[in-house]
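J.: query01.txt is the file, holding compact mmCIF, C-alpha atoms:
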```
# COMPACT_ATOMS: atom_id res chain seq x y z
CA MET A 228 -7.51 165.80 118.98
CA PHE A 229 -6.91 165.93 122.72
CA VAL A 230 -7.40 162.14 122.98
CA ALA A 231 -5.05 161.53 120.03
CA GLY A 232 -2.42 163.78 121.64
CA ILE A 233 -2.67 161.95 124.96
CA ILE A 234 -2.23 158.60 123.17
CA LYS A 235 0.83 159.86 121.26
CA TYR A 236 2.56 161.17 124.38
CA GLY A 237 1.45 158.09 126.31
CA GLU A 238 3.14 155.88 123.72
CA ARG A 239 6.34 157.89 123.98
CA THR A 240 6.34 157.74 127.77
CA TRP A 241 5.62 154.01 127.70
CA VAL A 242 8.52 153.37 125.29
CA LEU A 243 10.97 155.47 127.31
CA ARG A 244 10.01 153.67 130.49
CA SER A 245 10.23 150.25 128.84
CA ALA A 246 13.72 151.01 127.47
CA SER A 247 15.12 152.15 130.82
CA LYS A 248 17.86 149.89 132.16
CA GLN A 249 16.01 148.90 135.33
CA HIS A 250 12.62 148.25 133.77
CA PHE A 251 14.18 146.46 130.78
CA GLY A 252 15.99 144.03 133.09
CA ASP A 253 13.00 143.52 135.41
CA ALA A 254 10.80 142.58 132.44
CA LEU A 255 13.22 139.78 131.45
CA LEU A 256 13.46 138.12 134.83
CA PRO A 257 11.92 134.63 134.65
CA VAL A 258 9.21 133.44 136.98
CA PRO A 259 10.83 132.21 140.22
CA ASP A 260 11.39 128.43 139.92
CA PRO A 261 11.82 126.54 143.22
CA GLY A 262 12.35 123.25 141.34
CA PRO A 263 10.84 119.89 142.32
CA ASP A 264 9.82 119.40 145.91
CA TYR A 265 13.00 118.01 147.45
CA ALA A 266 11.27 116.57 150.50
CA GLU A 267 9.01 114.46 148.32
CA SER A 268 11.51 113.67 145.55
CA VAL A 269 14.22 112.37 147.89
CA LYS A 270 11.88 109.65 149.14
CA ASN A 271 11.57 108.20 145.61
CA TYR A 272 15.12 108.93 144.44
CA ASP A 273 16.60 106.18 142.19
CA PRO A 274 20.24 106.83 141.14
CA GLU A 275 20.11 104.55 138.07
CA PHE A 276 16.92 106.13 136.70
CA HIS A 277 18.37 109.60 137.34
CA ASN A 278 21.53 108.79 135.33
CA VAL A 279 19.48 107.54 132.37
CA LYS A 280 17.26 110.64 132.43
CA ARG A 281 20.31 112.90 132.58
CA ALA A 282 21.89 111.16 129.56
CA LEU A 283 18.69 111.53 127.55
CA GLY A 284 18.55 115.24 128.45
CA LEU A 285 22.08 115.84 127.16
CA LYS A 286 21.31 114.03 123.91
CA SER A 287 18.17 116.09 123.43
CA SER A 288 20.18 119.24 124.06
CA ASN A 289 22.71 118.30 121.40
CA ASN A 290 19.97 117.54 118.90
CA ASP A 291 18.43 120.95 119.58
CA GLY A 292 21.75 122.57 118.78
CA ASP A 293 21.97 120.74 115.48
CA HIS A 294 18.41 121.78 114.66
CA ASP A 295 19.11 125.46 115.47
CA SER A 296 22.12 125.49 113.20
CA THR A 297 19.88 124.78 110.23
CA LYS A 298 17.73 127.85 110.82
CA SER A 299 17.95 130.84 108.51
CA SER A 300 20.12 133.75 109.59
CA MET A 301 17.09 135.98 110.34
CA ASN A 302 15.33 133.35 112.44
CA GLY A 303 18.57 132.59 114.22
CA ALA A 304 19.20 136.28 114.87
CA TYR A 305 15.72 136.74 116.31
CA TYR A 306 16.13 133.67 118.52
CA LEU A 307 19.52 134.85 119.82
CA PHE A 308 18.16 138.37 120.42
CA MET A 309 15.12 137.18 122.36
CA GLU A 310 16.89 134.49 124.39
CA GLN A 311 20.39 135.90 124.88
CA LEU A 312 21.28 139.42 123.65
CA ARG A 313 18.46 141.07 125.63
CA HIS A 314 19.61 139.28 128.77
CA LEU A 315 23.25 140.27 128.19
CA TYR A 316 22.21 143.93 127.71
CA ALA A 317 20.31 143.79 131.01
CA ASP A 318 23.35 142.27 132.78
CA LEU A 319 21.61 138.95 133.37
CA ILE A 320 23.51 135.63 133.50
CA LEU A 321 23.18 133.06 130.70
CA SER A 322 23.10 129.33 131.40
CA PHE A 323 25.37 126.63 129.94
CA ASP A 324 22.51 125.54 127.70
CA ASP A 325 22.24 129.06 126.27
CA GLN A 326 25.93 128.97 125.41
CA LYS A 327 25.53 125.65 123.62
CA LYS A 328 22.56 126.90 121.58
CA SER A 329 24.38 130.07 120.58
CA GLU A 330 27.43 128.10 119.50
CA GLY A 331 25.20 125.72 117.53
CA ILE A 332 23.86 128.63 115.47
CA ILE A 333 27.11 130.53 114.81
CA ARG A 334 29.60 127.64 114.40
CA TYR A 335 28.05 126.07 111.30
CA VAL A 336 27.48 129.21 109.17
CA SER A 337 29.87 131.17 106.99
CA SER A 338 31.59 134.29 108.28
CA GLU A 339 29.32 136.47 106.13
CA GLU A 340 26.21 134.81 107.55
CA ALA A 341 27.57 135.11 111.10
CA PHE A 342 28.00 138.88 110.73
CA LYS A 343 24.50 139.15 109.23
CA VAL A 344 23.14 137.39 112.31
CA VAL A 345 24.94 139.83 114.63
CA GLU A 346 23.79 142.80 112.51
CA ALA A 347 20.17 141.62 112.69
CA GLU A 348 20.46 141.13 116.47
CA LEU A 349 21.69 144.74 116.91
CA SER A 350 18.88 146.00 114.65
CA PHE A 351 16.31 144.28 116.87
CA LEU A 352 17.94 145.80 119.95
CA TYR A 353 17.87 149.28 118.34
CA ASP A 354 14.15 148.93 117.58
CA VAL A 355 13.46 148.02 121.21
CA LEU A 356 15.53 150.84 122.73
CA TYR A 357 15.06 153.76 120.32
CA THR A 358 11.78 153.27 118.42
CA LYS A 359 8.13 152.68 119.28
CA ALA A 360 8.01 149.41 117.33
CA VAL A 361 7.52 147.27 120.44
CA VAL A 362 4.53 149.36 121.52
CA VAL A 363 3.02 149.99 118.07
CA TYR A 364 3.02 146.36 116.96
CA SER A 365 1.65 144.98 120.21
CA PRO A 366 -2.12 144.28 120.56
CA LEU A 367 -2.49 147.25 122.92
CA GLY A 368 -0.48 149.45 120.55
CA ILE A 369 -2.71 148.53 117.60
CA LEU A 370 -5.78 149.32 119.70
CA LEU A 371 -4.36 152.72 120.73
CA ARG A 372 -3.45 153.58 117.13
CA THR A 373 -6.97 152.69 116.03
CA VAL A 374 -8.49 154.88 118.73
CA SER A 375 -6.11 157.73 117.81
CA PHE A 376 -7.01 157.47 114.10
CA LEU A 377 -10.74 157.43 114.83
CA SER A 378 -10.34 160.42 117.17
CA ILE A 379 -8.64 162.45 114.43
CA ILE A 380 -11.31 161.47 111.89
CA SER A 381 -14.12 162.37 114.31
CA THR A 382 -12.45 165.73 115.00
CA LEU A 383 -12.22 166.44 111.27
CA VAL A 384 -15.89 165.56 110.77
CA ALA A 385 -16.96 167.63 113.78
CA PHE A 386 -14.87 170.61 112.65
CA SER A 387 -16.30 170.42 109.12
CA PHE A 388 -19.80 170.27 110.57
CA PHE A 389 -19.03 173.25 112.83
CA ILE A 390 -17.69 175.31 109.93
CA GLU A 391 -20.70 174.44 107.78
CA SER A 392 -23.19 175.27 110.54
CA SER A 393 -21.49 178.53 111.51
CA LYS A 394 -21.31 179.92 107.96
CA ARG A 395 -24.70 181.59 108.43
CA ASN A 396 -24.33 182.25 112.15
CA MET A 397 -23.03 185.26 114.05
CA ALA A 398 -21.20 185.02 117.38
CA GLN A 399 -22.98 186.68 120.31
CA ASN A 400 -22.08 187.90 123.81
CA ASN A 401 -24.48 189.47 126.29
CA LEU A 402 -22.98 191.43 129.18
CA ILE A 403 -25.90 191.18 131.60
CA ASP A 404 -26.32 187.43 131.04
CA SER A 405 -22.60 186.87 131.47
CA CYS A 406 -22.42 188.84 134.72
CA LEU A 407 -25.42 186.97 136.12
CA ARG A 408 -23.91 183.58 135.24
CA ASP A 409 -20.41 184.40 136.49
CA LYS A 410 -20.41 183.43 140.18
CA THR A 411 -16.96 184.78 141.04
CA LYS A 412 -16.72 187.71 143.44
CA PHE A 413 -17.20 191.12 141.87
CA ASN A 414 -13.93 192.33 143.42
CA HIS A 415 -11.94 189.30 142.26
CA GLU A 416 -8.53 190.18 140.88
CA VAL A 417 -9.66 189.38 137.34
CA ASN A 418 -13.18 188.70 136.08
CA SER A 419 -13.20 185.31 134.44
CA PHE A 420 -15.44 186.43 131.57
CA PHE A 421 -12.99 189.10 130.46
CA ASP A 422 -9.67 187.57 131.48
CA LYS A 423 -7.55 186.81 128.44
CA ASN A 424 -5.59 184.27 130.47
CA LYS A 425 -8.77 182.21 130.80
CA PHE A 426 -9.39 181.90 127.10
CA LEU A 427 -11.64 178.86 127.20
CA GLU A 428 -13.66 180.30 130.09
CA ARG A 429 -14.72 183.21 127.91
CA TYR A 430 -16.20 180.86 125.33
CA ARG A 431 -18.66 179.63 127.98
CA TYR A 432 -20.69 182.81 127.50
CA MET A 433 -20.64 182.86 123.69
CA THR A 434 -23.70 181.88 121.65
CA TRP A 435 -24.58 181.87 117.94
CA GLU A 436 -27.40 183.49 116.05
CA LYS A 437 -28.55 182.92 112.47
CA VAL A 438 -28.11 185.94 110.20
CA ASP A 439 -30.09 184.90 107.10
CA GLY A 440 -32.72 187.60 107.60
CA MET A 441 -30.21 190.43 108.19
CA LYS A 442 -28.50 190.67 104.82
CA GLU A 443 -31.27 192.44 102.94
CA PRO A 444 -31.99 195.13 105.60
CA ILE A 445 -28.28 195.94 105.98
CA LEU A 446 -27.73 196.22 102.23
CA GLY A 447 -30.89 198.31 101.91
CA PHE A 448 -29.62 200.66 104.63
CA LEU A 449 -26.25 201.06 102.89
CA LEU A 450 -27.91 201.84 99.56
CA GLU A 451 -30.19 204.36 101.27
CA MET A 452 -27.16 206.10 102.76
CA THR A 453 -25.51 206.35 99.34
CA ASN A 454 -28.64 207.88 97.83
CA ASP A 455 -28.84 210.53 100.56
CA VAL A 456 -25.35 211.88 99.91
CA ARG A 457 -24.41 211.82 96.24
CA ARG A 458 -21.35 214.09 96.12
CA ASP A 459 -19.15 212.82 98.92
CA ARG A 460 -20.32 209.33 99.80
CA LYS A 461 -17.08 208.45 101.60
CA GLU A 462 -17.93 211.13 104.14
CA LEU A 463 -20.62 208.77 105.40
CA LEU A 464 -17.94 206.31 106.49
CA LYS A 465 -16.99 208.67 109.31
CA HIS A 466 -20.39 208.36 110.97
CA ARG A 467 -20.89 205.83 113.76
CA GLY A 468 -24.57 206.25 114.63
CA ASP A 469 -24.88 210.03 114.52
CA TYR A 470 -26.03 210.03 110.87
CA VAL A 471 -29.22 208.13 111.72
CA ILE A 472 -29.89 210.22 114.82
CA THR A 473 -29.24 213.52 113.03
CA LYS A 474 -31.78 212.59 110.33
CA LYS A 475 -34.44 212.46 113.05
CA GLY A 476 -34.02 216.19 113.74
CA ASP A 477 -32.24 218.57 116.10
CA PHE A 478 -34.23 217.46 119.13
CA MET A 479 -33.17 213.86 118.67
CA SER A 480 -29.59 214.92 118.04
CA ARG A 481 -29.50 216.91 121.31
CA LYS A 482 -31.13 214.10 123.26
CA LEU A 483 -29.10 211.10 122.00
CA GLY A 484 -26.13 212.58 120.15
CA TRP A 485 -23.89 212.48 123.24
CA SER A 486 -23.97 208.66 123.21
CA VAL A 487 -22.41 208.37 119.74
CA VAL A 488 -20.48 211.62 119.18
CA ASP A 489 -19.12 212.79 122.54
CA VAL A 490 -17.67 209.44 123.63
CA GLU A 491 -15.12 206.99 122.24
CA PHE A 492 -16.30 204.20 119.97
CA ASP A 493 -15.85 201.37 122.49
CA HIS A 494 -17.69 203.51 125.06
CA SER A 495 -20.52 203.96 122.59
CA ILE A 496 -20.70 200.19 121.88
CA LEU A 497 -21.05 199.36 125.58
CA LEU A 498 -23.63 202.11 126.15
CA TRP A 499 -25.85 201.03 123.30
CA HIS A 500 -25.39 197.31 124.02
CA ILE A 501 -26.71 197.60 127.58
CA ALA A 502 -29.33 200.18 126.61
CA THR A 503 -30.62 197.95 123.79
CA ASP A 504 -30.86 195.03 126.22
CA LEU A 505 -32.77 197.10 128.80
CA PHE A 506 -35.02 198.68 126.17
CA SER A 507 -35.84 195.19 124.91
CA TYR A 508 -36.83 194.18 128.45
CA ILE A 509 -39.07 197.25 128.83
CA ASN A 510 -40.99 196.41 125.66
CA ASP A 511 -40.97 192.63 125.98
CA ASP A 512 -44.62 191.66 126.25
CA ASP A 513 -44.79 187.93 125.66
CA ASP A 514 -48.52 187.85 126.43
CA ASP A 515 -49.33 190.20 123.55
CA PRO A 516 -50.19 188.11 120.44
CA ILE A 517 -49.43 191.13 118.23
CA ASN A 518 -46.08 192.08 119.73
CA PRO A 519 -44.83 195.25 118.01
CA LYS A 520 -41.22 194.08 118.26
CA SER A 521 -40.46 193.67 114.58
CA GLU A 522 -37.50 192.25 112.73
CA ASN A 523 -35.66 195.48 113.49
CA ALA A 524 -35.70 194.48 117.17
CA LYS A 525 -34.07 191.15 116.31
CA ILE A 526 -31.48 192.87 114.14
CA SER A 527 -30.73 195.35 116.93
CA LYS A 528 -30.22 192.59 119.50
CA CYS A 529 -28.13 190.49 117.14
CA LEU A 530 -25.81 193.32 116.07
CA SER A 531 -25.58 194.59 119.65
CA GLU A 532 -24.39 191.24 120.98
CA TYR A 533 -22.10 190.72 117.99
CA MET A 534 -20.39 194.07 118.58
CA LEU A 535 -19.87 193.16 122.24
CA TYR A 536 -18.40 189.83 121.07
CA LEU A 537 -15.92 191.79 118.94
CA LEU A 538 -15.09 194.10 121.83
CA VAL A 539 -14.43 191.15 124.19
CA MET A 540 -12.99 188.45 121.92
CA CYS A 541 -11.62 190.33 118.88
CA PRO A 542 -10.69 193.87 119.96
CA PHE A 543 -8.09 194.00 117.15
CA MET A 544 -11.04 194.26 114.74
CA LEU A 545 -12.14 197.57 116.25
CA PRO A 546 -10.56 201.03 116.45
CA LYS A 547 -8.03 201.29 119.29
CA GLY A 548 -9.29 202.42 122.66
CA ILE A 549 -9.55 201.46 126.31
CA GLY A 550 -12.42 199.05 125.76
CA LYS A 551 -10.79 196.36 127.88
CA PHE A 552 -10.82 198.60 130.97
CA ARG A 553 -14.37 199.77 130.34
CA ILE A 554 -15.61 196.19 130.00
CA ARG A 555 -13.86 195.07 133.19
CA ASP A 556 -15.13 198.01 135.24
CA THR A 557 -18.66 197.76 133.85
CA CYS A 558 -18.79 194.02 134.51
CA SER A 559 -17.43 194.50 138.03
CA GLU A 560 -20.07 197.11 138.85
CA ALA A 561 -22.86 194.98 137.36
CA LYS A 562 -21.77 191.92 139.36
CA ARG A 563 -21.60 193.93 142.57
CA PHE A 564 -25.07 195.32 141.90
CA PHE A 565 -26.53 191.86 141.19
CA GLN A 566 -24.78 190.11 144.10
CA GLU A 567 -25.94 192.72 146.61
CA ARG A 568 -29.50 192.05 145.44
CA SER A 569 -29.13 188.33 144.77
CA LEU A 570 -32.13 187.46 146.96
CA SER A 571 -34.37 189.64 144.79
CA ILE A 572 -33.05 188.41 141.43
CA SER A 573 -34.57 185.17 140.16
CA ASP A 574 -33.89 185.72 136.44
CA ARG A 575 -32.54 188.31 134.02
CA LYS A 576 -35.88 190.12 133.84
CA GLU A 577 -35.66 190.87 137.56
CA ALA A 578 -32.07 192.03 137.07
CA CYS A 579 -33.12 194.44 134.29
CA ARG A 580 -36.05 195.70 136.35
CA LEU A 581 -33.80 196.51 139.33
CA LEU A 582 -31.30 198.31 137.09
CA LEU A 583 -34.03 200.50 135.62
CA GLU A 584 -35.40 201.33 139.08
CA VAL A 585 -32.16 203.15 139.97
CA GLU A 586 -32.60 206.93 139.77
CA THR A 587 -30.25 208.27 137.07
CA LYS A 588 -31.20 211.95 136.74
CA ILE A 589 -27.71 212.92 137.83
CA GLU A 590 -24.92 211.83 135.54
CA PRO A 591 -22.84 208.99 137.05
CA ILE A 592 -19.55 210.84 136.51
CA GLU A 593 -20.72 213.62 138.86
CA VAL A 594 -21.55 211.11 141.59
CA LYS A 595 -18.71 208.60 141.20
CA GLY A 596 -15.94 210.62 139.57
CA ASP A 597 -13.98 209.51 136.51
CA LYS A 598 -11.68 206.89 138.05
CA SER A 599 -13.97 203.98 137.19
CA LYS A 600 -14.64 203.46 133.49
CA SER A 601 -17.95 201.69 134.09
CA VAL A 602 -20.81 202.75 131.81
CA LEU A 603 -23.54 200.66 133.48
CA PHE A 604 -25.75 203.46 134.74
CA GLU A 605 -25.00 205.73 131.78
CA ALA A 606 -26.55 202.93 129.71
CA CYS A 607 -29.56 202.88 132.06
CA ARG A 608 -30.02 206.62 131.40
CA LEU A 609 -29.82 205.97 127.65
CA ALA A 610 -32.43 203.18 127.87
CA LYS A 611 -34.81 205.47 129.74
CA MET A 612 -34.25 208.21 127.16
CA LEU A 613 -35.10 205.80 124.35
CA GLU A 614 -38.25 204.74 126.17
CA SER A 615 -39.32 208.37 126.73
CA LEU A 616 -39.13 209.30 123.04
CA GLU A 617 -42.49 210.27 121.57
CA MET A 618 -42.35 207.79 118.73
CA GLU A 619 -44.05 204.56 117.78
CA LEU A 620 -42.29 201.49 119.10
CA ARG A 621 -41.61 200.25 115.58
CA GLU A 622 -39.94 203.57 114.73
CA LYS A 623 -37.78 203.32 117.82
CA TRP A 624 -36.62 199.83 116.92
CA GLU A 625 -35.96 200.94 113.37
CA MET A 626 -33.78 203.80 114.61
CA ILE A 627 -31.90 201.54 117.07
CA SER A 628 -31.28 198.91 114.40
CA ARG A 629 -29.93 201.54 112.03
CA VAL A 630 -27.64 202.93 114.71
CA TRP A 631 -26.21 199.42 115.10
CA MET A 632 -25.87 199.00 111.33
CA GLU A 633 -23.99 202.29 111.15
CA MET A 634 -21.72 201.26 114.05
CA SER A 635 -21.02 197.92 112.35
CA CYS A 636 -20.08 199.69 109.12
CA TYR A 637 -17.82 202.09 111.01
CA ALA A 638 -16.10 199.16 112.72
CA ALA A 639 -15.62 197.38 109.38
CA ILE A 640 -14.09 200.44 107.75
CA HIS A 641 -11.70 201.18 110.63
CA CYS A 642 -10.52 197.63 111.34
CA GLY A 643 -6.97 196.55 110.55
CA GLY A 644 -5.81 195.40 107.13
CA SER A 645 -5.98 191.74 108.14
CA CYS A 646 -9.76 191.94 108.57
CA SER A 647 -10.73 194.38 105.85
CA LEU A 648 -13.00 192.20 103.66
CA MET A 649 -16.08 193.97 104.95
CA SER A 650 -14.27 197.26 104.44
CA ALA A 651 -13.67 196.42 100.80
CA PHE A 652 -17.35 195.48 100.38
CA LEU A 653 -18.47 198.79 101.86
CA CYS A 654 -16.05 200.79 99.73
CA HIS A 655 -17.46 199.12 96.59
CA THR A 656 -21.01 199.79 97.79
CA LEU A 657 -20.34 203.45 98.58
CA SER A 658 -18.21 204.23 95.56
```
I'd like the structure from this file rewritten - as structure tokens, please.
T.:
Amino acid sequence: MFVAGIIKYGERTWVLRSASKQHFGDALLPVPDPGPDYAESVKNYDPEFHNVKRALGLKSSNNDGDHDSTKSSMNGAYYLFMEQLRHLYADLILSFDDQKKSEGIIRYVSSEEAFKVVEAELSFLYDVLYTKAVVVYSPLGILLRTVSFLSIISTLVAFSFFIESSKRNMAQNNLIDSCLRDKTKFNHEVNSFFDKNKFLERYRYMTWEKVDGMKEPILGFLLEMTNDVRRDRKELLKHRGDYVITKKGDFMSRKLGWSVVDVEFDHSILLWHIATDLFSYINDDDDDPINPKSENAKISKCLSEYMLYLLVMCPFMLPKGIGKFRIRDTCSEAKRFFQERSLSISDRKEACRLLLEVETKIEPIEVKGDKSKSVLFEACRLAKMLESLEMELREKWEMISRVWMEMSCYAAIHCGGSCSLMSAFLCHTLS
């Protein structure tokens, strides 16, 4: 589409330039003609031969005029436009021969035909000055139109392929990956990843993940929630992760409840997104052939990165809050942390390891105050708490995945009316 647009505007610019008075006249100037070499011709000059040649030239000229007068009005109009009217419009001088040819065409036709010739001449001039006919019907114009048409067709095919391929995919954003890849200074006026004025830049960090295996677990979780509370099922729609944690007992509620109940929803999304990423690093043993990370781990990661995508790219689909400020501050702190230790960080695993090595016994708000909205090291505390739980790893991943499912449902229910399809689905499921 970009190529087609450039061609369209290029055609328009080309036509406007061609129709300008100066360029129009310059294009009509004939090739400079110095005539025969006088120094050589004068040596062989024969007056009698010259007179005969001149007489033959005049006779030929008169015959041409008689021949032109027999042309059709349209052919005559085109000839007069190309050879005379264009030159007159450009303030160029016509020769005596041009006058004779013009007279030969007009003199021997009826008055009606003469006016038709003039009308056709003016129509040709209008096409040259005010339309793109000259460009479009030239060889280069036909080539450009062909390229433009093929560009539009290729865009349509590519877009259809993209839509078809993304039907079963879910958009993803990962904060740690994005901060590691973004090379701008941490104290830059605006972080490129989260700057709405750099819309295309933000798409650099977006990926896609297939969601075929997630439908059944999510639906199963929703049905399980409806079976647990039979009287007031709509009450479940108010939960945003605390329902799953509360089911694990009072100890779990006291240990993790603060991360989903005592903070705003966008705060909770950021906390659990980073914590899920760090917890995944802690338990990522690629050398273990029987890795206990089950499908719940994949669901957790996928929903975590999808919720961050919504927070960054589609905040209108989430409950109102100050998520934009939290993202910017968290990203700025993460970039500062990584850049100060850039020599020690070779990949994201090293970055996660260094984050987890920071002592977080004291809450960040007590050390830093509440001016910055960064949740980076709060998330590190949450990741360590998840790791310290006396549960099987599979149970931990199951709990984390269900927290993310509950958050996703909460977001769907509390989004605006323009994006309430998922809300309608949940209301039908829970009714």
J.: Go ahead and compute the interatomic distance for atom CA of Cys636 of chain A and atom CA of Pro546 of chain A, in Å to one decimal.
T.: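 Computing the Euclidean distance for atom CA of Cys636 of chain A and atom CA of Pro546 of chain A yields 12.1 Å.
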J.: Mind pulling up the distance from atom CA of Asp354 of chain A to atom CA of Lys327 of chain A?
T.: 26.6 Å
J.: Can you tell me which residues surround Asp504 of chain A at a distance of at most 10 Å, considering all atoms listed in the file, apart from same-chain residues fewer than 3 positions away, and format the answer as number ranges by chain?
T.: A: 401-403, 499-501, 507-509, 527-528, 531-532, 579, 606-607, 610
J.: With 3 Å added on each side, what axis-aligned box encloses every listed atom of segment 608-617 of chain A? Give the centre and edge lengths in Å to one decimal, as AutoDock Vina command-line options.
T.:
```
--center_x -36.2 --center_y 206.7 --center_z 126.5 --size_x 18.7 --size_y 13.1 --size_z 15.8
```
J.: Would you pick out the contacts of Gly440 of chain A at 10 Å or less, using all atoms listed in the file, so that residues sharing its chain but fewer than 3 positions from it are not included, and give the list as JSON, numbers by chain?
T.: {"A": [437, 443, 444, 445, 522, 525, 526]}
J.: Env of Val230 of chain A: 12 Å cut, atoms = all atoms listed in the file, seq-sep filter 3 positions within chain, self excluded. Answer as a ChimeraX atom specification.
T.: /A:233-237,371-382
J.: Please determine, counting only C-alpha atoms, which residue among A:Met634, A:Ala304, A:Ile572, A:Cys406 has the shortest atom-to-atom distance to Phe342 of chain A.
T.: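 Checking each candidate against Phe342 of chain A, we get A:Ala304 as the closest.
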J.: Show me as a list in words the residues that reach within 9 Å of (-17.2, 201.1, 110.7), counting all atoms listed in the file and using the file's own coordinates.
T.: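 Counting all atoms listed in the file, I find these residues within 9 Å of (-17.2, 201.1, 110.7): Leu464, Lys465, His466, Arg467, Leu545, Pro546, Met632, Glu633, Met634, Ser635, Cys636, Tyr637, Ala638, Ala639, Ile640, His641, Cys642 and Ser650 of chain A.
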